[in-house]
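> First the structure, then my questions, so here it is.
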Amino acid sequence: MSETEHTEKKQSDRWFTIFCGVMIVLLLINTFVIKLALVNGRSMYPTLQDNQLMLVFRPGYTPAGGDVVVIHTGNGIFNRVFFVMRVFGSQGLCVTFDYVLDTVTVDDTILTEPYLNSEEGDTMLPRDDRSVVHYTVPEGCVFVMGDNRNHSADSRSDKYGMIDTSKIVGRVVLPVLP
């Protein structure tokens, strides 16, 4: 092997090593710090669009009211479905819906919700014949809903109910336009 070929081989090996190192760092960042996620569905419309890319902050996150979070269902690595919702209450708080007045109250504070999908008129249709519904969030859980209330399977549904905080992947920090 000539000296030129040997130098080119060393340079090629160096670039391969750098590439592998960068890929490992990016994988670790995506796994433990900032995750890229894709919105699937219209439950968070108009805040987030279907197929919109998001950055999700992961380490040391504690859910707070108003935060948009990514949640996983299922167990294991390959049996997970992810969805995006807004946090409304954490353990011990009472979340109340008044479908006549179209209000959500968290511990006696009526929320102002400019993010709701108001394109369809009534932003919050009742799910049954009750006009007022109360939920108390159990320990270790949060109450979540989508911004597109009439098209959102969330903590009001039997499908998901209250969400265990261990199922929260992280907080959406930056939605990226499609």
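All residue names refer to the structure tokens as shown: chains lettered A, B, ... in order, residues numbered from 1 in each chain, ligands numbered from 1 in order.
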Could you give me, as JSON, numbers by chain, the residues within 6 Å of Ser43 of chain A, counting only C-alpha atoms and dropping anything in the same chain fewer than 4 positions from it?
{"A": [146, 148, 151, 152]}
> For the residues in the current selection, export C-alpha atoms as a compact mmCIF listing (two decimals), in the first residue's frame.

# COMPACT_ATOMS: atom_id res chain seq x y z
CA GLY A 146 -56.95 18.01 23.77
CA ASN A 148 -59.99 20.13 19.97
CA HIS A 151 -62.54 15.26 18.77
CA SER A 152 -60.29 14.23 21.64
> So, with only C-alpha atoms as the atoms that count, which of A:Phe83, A:Phe88, A:Phe97, A:Tyr160 lies closest to Gly41 of chain A?
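Looking at the shortest contact to Gly41 of chain A, the residue is A:Phe83.
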> Fewer than 5 positions away in the same chain doesn't count, so skip those; otherwise give me all residues within 10 Å of segment 26-40 of chain A, counting only C-alpha atoms, as a list in words.
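Non-adjacent residues within range: Cys20, Gly21, Leu48, Gln49, Asp50, Asn51, Gln52, Leu53, Met54, Leu55, Val56, Phe57, Arg58, Pro59, Gly60, Val70, Phe82, Phe83, Val84, Val169, Gly170, Arg171, Val172, Val173, Leu174, Pro175, Val176 and Pro178 of chain A.
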> Name the closest residue to Val133 of chain A among the candidates A:Thr165, A:Thr73, A:Thr103, A:Gln11; distances are taken between atoms, counting only C-alpha atoms.
A:Thr103
> Please determine, counting only C-alpha atoms, which residue among A:Asp102, A:Asp147, A:Asp129, A:Glu139 has the shortest atom-to-atom distance to Asn117 of chain A.
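Residue with the minimum atom-to-atom distance to Asn117 of chain A: A:Asp147.
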> List as a list in words the protein and nucleic acid residues near Val104 of chain A, meaning an atom at most 10 Å away when only C-alpha atoms are counted, but skip any in the same chain fewer than 3 places from it.
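Here the qualifying residues turn out to be Phe88, Val95, Thr96, Phe97, Asp98, Tyr99, Leu101, Asp107, Asp108, Thr109, Ile110, Leu111, Thr112, Glu113, Met124, Val132, Val133 and His134 of chain A.
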> Let me see the file: selected residues, N, CA and C atoms, as a PDB file, in the first residue's frame.

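Result saved to out22.pdb:
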ATOM      1  N   PHE A  88     -54.278  19.590  32.679  1.00  0.00           N
ATOM      2  CA  PHE A  88     -55.224  20.475  33.347  1.00  0.00           C
ATOM      3  C   PHE A  88     -55.185  20.375  34.856  1.00  0.00           C
ATOM      4  N   VAL A  95     -61.161  18.988  38.814  1.00  0.00           N
ATOM      5  CA  VAL A  95     -61.434  19.571  37.498  1.00  0.00           C
ATOM      6  C   VAL A  95     -62.932  19.451  37.258  1.00  0.00           C
ATOM      7  N   THR A  96     -63.579  20.589  36.973  1.00  0.00           N
ATOM      8  CA  THR A  96     -65.029  20.624  36.802  1.00  0.00           C
ATOM      9  C   THR A  96     -65.380  21.180  35.435  1.00  0.00           C
ATOM     10  N   PHE A  97     -66.326  20.506  34.765  1.00  0.00           N
ATOM     11  CA  PHE A  97     -66.827  20.957  33.479  1.00  0.00           C
ATOM     12  C   PHE A  97     -68.253  21.420  33.652  1.00  0.00           C
ATOM     13  N   ASP A  98     -68.529  22.627  33.177  1.00  0.00           N
ATOM     14  CA  ASP A  98     -69.901  23.120  33.125  1.00  0.00           C
ATOM     15  C   ASP A  98     -70.227  23.266  31.651  1.00  0.00           C
ATOM     16  N   TYR A  99     -70.981  22.298  31.120  1.00  0.00           N
ATOM     17  CA  TYR A  99     -71.264  22.272  29.692  1.00  0.00           C
ATOM     18  C   TYR A  99     -72.288  23.334  29.289  1.00  0.00           C
ATOM     19  N   LEU A 101     -72.318  26.509  30.632  1.00  0.00           N
ATOM     20  CA  LEU A 101     -71.540  27.758  30.546  1.00  0.00           C
ATOM     21  C   LEU A 101     -70.279  27.622  29.693  1.00  0.00           C
ATOM     22  N   ASP A 107     -59.961  23.601  40.691  1.00  0.00           N
ATOM     23  CA  ASP A 107     -59.976  24.071  42.084  1.00  0.00           C
ATOM     24  C   ASP A 107     -60.528  25.490  42.211  1.00  0.00           C
ATOM     25  N   ASP A 108     -61.743  25.690  41.752  1.00  0.00           N
ATOM     26  CA  ASP A 108     -62.479  26.951  41.873  1.00  0.00           C
ATOM     27  C   ASP A 108     -61.925  28.093  41.026  1.00  0.00           C
ATOM     28  N   THR A 109     -60.986  27.829  40.107  1.00  0.00           N
ATOM     29  CA  THR A 109     -60.484  28.858  39.200  1.00  0.00           C
ATOM     30  C   THR A 109     -60.957  28.522  37.787  1.00  0.00           C
ATOM     31  N   ILE A 110     -61.783  29.407  37.223  1.00  0.00           N
ATOM     32  CA  ILE A 110     -62.265  29.201  35.857  1.00  0.00           C
ATOM     33  C   ILE A 110     -61.115  29.526  34.904  1.00  0.00           C
ATOM     34  N   LEU A 111     -60.838  28.582  33.992  1.00  0.00           N
ATOM     35  CA  LEU A 111     -59.721  28.747  33.059  1.00  0.00           C
ATOM     36  C   LEU A 111     -60.111  29.595  31.859  1.00  0.00           C
ATOM     37  N   THR A 112     -59.185  30.422  31.406  1.00  0.00           N
ATOM     38  CA  THR A 112     -59.316  31.134  30.146  1.00  0.00           C
ATOM     39  C   THR A 112     -58.588  30.286  29.120  1.00  0.00           C
ATOM     40  N   GLU A 113     -59.278  29.904  28.048  1.00  0.00           N
ATOM     41  CA  GLU A 113     -58.710  28.946  27.107  1.00  0.00           C
ATOM     42  C   GLU A 113     -58.717  29.478  25.667  1.00  0.00           C
ATOM     43  N   MET A 124     -67.070  22.641  23.430  1.00  0.00           N
ATOM     44  CA  MET A 124     -67.080  21.549  24.400  1.00  0.00           C
ATOM     45  C   MET A 124     -68.483  20.958  24.510  1.00  0.00           C
ATOM     46  N   VAL A 132     -73.008  19.325  34.437  1.00  0.00           N
ATOM     47  CA  VAL A 132     -71.803  19.630  35.219  1.00  0.00           C
ATOM     48  C   VAL A 132     -71.160  18.300  35.613  1.00  0.00           C
ATOM     49  N   VAL A 133     -69.846  18.199  35.383  1.00  0.00           N
ATOM     50  CA  VAL A 133     -69.126  16.964  35.697  1.00  0.00           C
ATOM     51  C   VAL A 133     -67.872  17.326  36.488  1.00  0.00           C
ATOM     52  N   HIS A 134     -67.636  16.574  37.575  1.00  0.00           N
ATOM     53  CA  HIS A 134     -66.464  16.803  38.438  1.00  0.00           C
ATOM     54  C   HIS A 134     -65.534  15.590  38.367  1.00  0.00           C
TER      55      HIS A 134
END
> Which is closest to Val144 of chain A among A:Ile163, A:Val100, A:Met44, A:Met23, if we use only C-alpha atoms?
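Selected residue with least distance to Val144 of chain A: A:Ile163.
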> Go through chain A and collect every residue that DSSP, computed from the backbone, puts in strand (DSSP E or B); the answer should be as number ranges by chain.
A: 34-38, 53-57, 68-73, 81-90, 94-98, 103-106, 109-110, 132-136, 141-145, 163-164, 168-176
> Any chance you can output those residues with C-alpha atoms as a PDB file, in the first residue's frame?

ATOM      1  CA  ILE A  34     -34.769  16.178  23.623  1.00  0.00           C
ATOM      2  CA  LYS A  35     -36.974  13.812  21.617  1.00  0.00           C
ATOM      3  CA  LEU A  36     -38.397  14.425  18.178  1.00  0.00           C
ATOM      4  CA  ALA A  37     -42.050  13.420  17.957  1.00  0.00           C
ATOM      5  CA  LEU A  38     -44.742  13.612  15.321  1.00  0.00           C
ATOM      6  CA  LEU A  53     -42.985  17.687  14.156  1.00  0.00           C
ATOM      7  CA  MET A  54     -42.296  18.641  17.801  1.00  0.00           C
ATOM      8  CA  LEU A  55     -39.319  18.807  20.132  1.00  0.00           C
ATOM      9  CA  VAL A  56     -40.085  17.198  23.501  1.00  0.00           C
ATOM     10  CA  PHE A  57     -37.998  18.028  26.601  1.00  0.00           C
ATOM     11  CA  VAL A  68     -48.575  20.363  26.363  1.00  0.00           C
ATOM     12  CA  VAL A  69     -47.109  16.899  26.918  1.00  0.00           C
ATOM     13  CA  VAL A  70     -46.384  13.695  25.034  1.00  0.00           C
ATOM     14  CA  ILE A  71     -47.771  10.573  26.712  1.00  0.00           C
ATOM     15  CA  HIS A  72     -47.196   6.910  25.927  1.00  0.00           C
ATOM     16  CA  THR A  73     -49.545   4.024  26.423  1.00  0.00           C
ATOM     17  CA  VAL A  81     -48.730   4.455  21.240  1.00  0.00           C
ATOM     18  CA  PHE A  82     -47.890   8.126  21.792  1.00  0.00           C
ATOM     19  CA  PHE A  83     -50.361  10.983  22.001  1.00  0.00           C
ATOM     20  CA  VAL A  84     -50.194  14.712  22.744  1.00  0.00           C
ATOM     21  CA  MET A  85     -52.462  16.453  25.282  1.00  0.00           C
ATOM     22  CA  ARG A  86     -52.621  19.503  27.535  1.00  0.00           C
ATOM     23  CA  VAL A  87     -52.319  19.058  31.325  1.00  0.00           C
ATOM     24  CA  PHE A  88     -55.224  20.475  33.347  1.00  0.00           C
ATOM     25  CA  GLY A  89     -54.762  19.117  36.812  1.00  0.00           C
ATOM     26  CA  SER A  90     -52.386  17.103  38.925  1.00  0.00           C
ATOM     27  CA  CYS A  94     -60.654  18.989  41.186  1.00  0.00           C
ATOM     28  CA  VAL A  95     -61.434  19.571  37.498  1.00  0.00           C
ATOM     29  CA  THR A  96     -65.029  20.624  36.802  1.00  0.00           C
ATOM     30  CA  PHE A  97     -66.827  20.957  33.479  1.00  0.00           C
ATOM     31  CA  ASP A  98     -69.901  23.120  33.125  1.00  0.00           C
ATOM     32  CA  THR A 103     -66.240  26.448  31.284  1.00  0.00           C
ATOM     33  CA  VAL A 104     -63.495  24.340  32.816  1.00  0.00           C
ATOM     34  CA  THR A 105     -62.687  25.035  36.456  1.00  0.00           C
ATOM     35  CA  VAL A 106     -59.627  23.749  38.299  1.00  0.00           C
ATOM     36  CA  THR A 109     -60.484  28.858  39.200  1.00  0.00           C
ATOM     37  CA  ILE A 110     -62.265  29.201  35.857  1.00  0.00           C
ATOM     38  CA  VAL A 132     -71.803  19.630  35.219  1.00  0.00           C
ATOM     39  CA  VAL A 133     -69.126  16.964  35.697  1.00  0.00           C
ATOM     40  CA  HIS A 134     -66.464  16.803  38.438  1.00  0.00           C
ATOM     41  CA  TYR A 135     -63.212  14.823  38.407  1.00  0.00           C
ATOM     42  CA  THR A 136     -60.728  14.571  41.278  1.00  0.00           C
ATOM     43  CA  CYS A 141     -51.785  11.116  37.987  1.00  0.00           C
ATOM     44  CA  VAL A 142     -52.688  14.078  35.795  1.00  0.00           C
ATOM     45  CA  PHE A 143     -55.878  15.075  34.003  1.00  0.00           C
ATOM     46  CA  VAL A 144     -55.274  15.814  30.301  1.00  0.00           C
ATOM     47  CA  MET A 145     -57.420  17.002  27.382  1.00  0.00           C
ATOM     48  CA  ILE A 163     -52.831   9.497  33.172  1.00  0.00           C
ATOM     49  CA  ASP A 164     -50.133   8.100  35.449  1.00  0.00           C
ATOM     50  CA  ILE A 168     -45.446  11.204  30.403  1.00  0.00           C
ATOM     51  CA  VAL A 169     -42.519  11.276  27.980  1.00  0.00           C
ATOM     52  CA  GLY A 170     -41.938  15.026  28.350  1.00  0.00           C
ATOM     53  CA  ARG A 171     -43.154  18.556  27.635  1.00  0.00           C
ATOM     54  CA  VAL A 172     -43.470  19.897  24.104  1.00  0.00           C
ATOM     55  CA  VAL A 173     -41.007  22.793  23.937  1.00  0.00           C
ATOM     56  CA  LEU A 174     -41.032  23.617  20.257  1.00  0.00           C
ATOM     57  CA  PRO A 175     -43.591  22.692  17.652  1.00  0.00           C
ATOM     58  CA  VAL A 176     -41.999  22.764  14.201  1.00  0.00           C
TER      59      VAL A 176
END
> Would you mind reading off the distance between atom CA of Pro46 of chain A and atom CA of Asn150 of chain A, one decimal, in Å?
12.6 Å
> May I ask which of the residues A:Pro138, A:Arg127, A:Ser12, A:Glu3 is the closest one to Ala153 of chain A, counting only C-alpha atoms?
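Between A:Pro138, A:Arg127, A:Ser12, A:Glu3, the residue approaching Ala153 of chain A most closely is A:Arg127.
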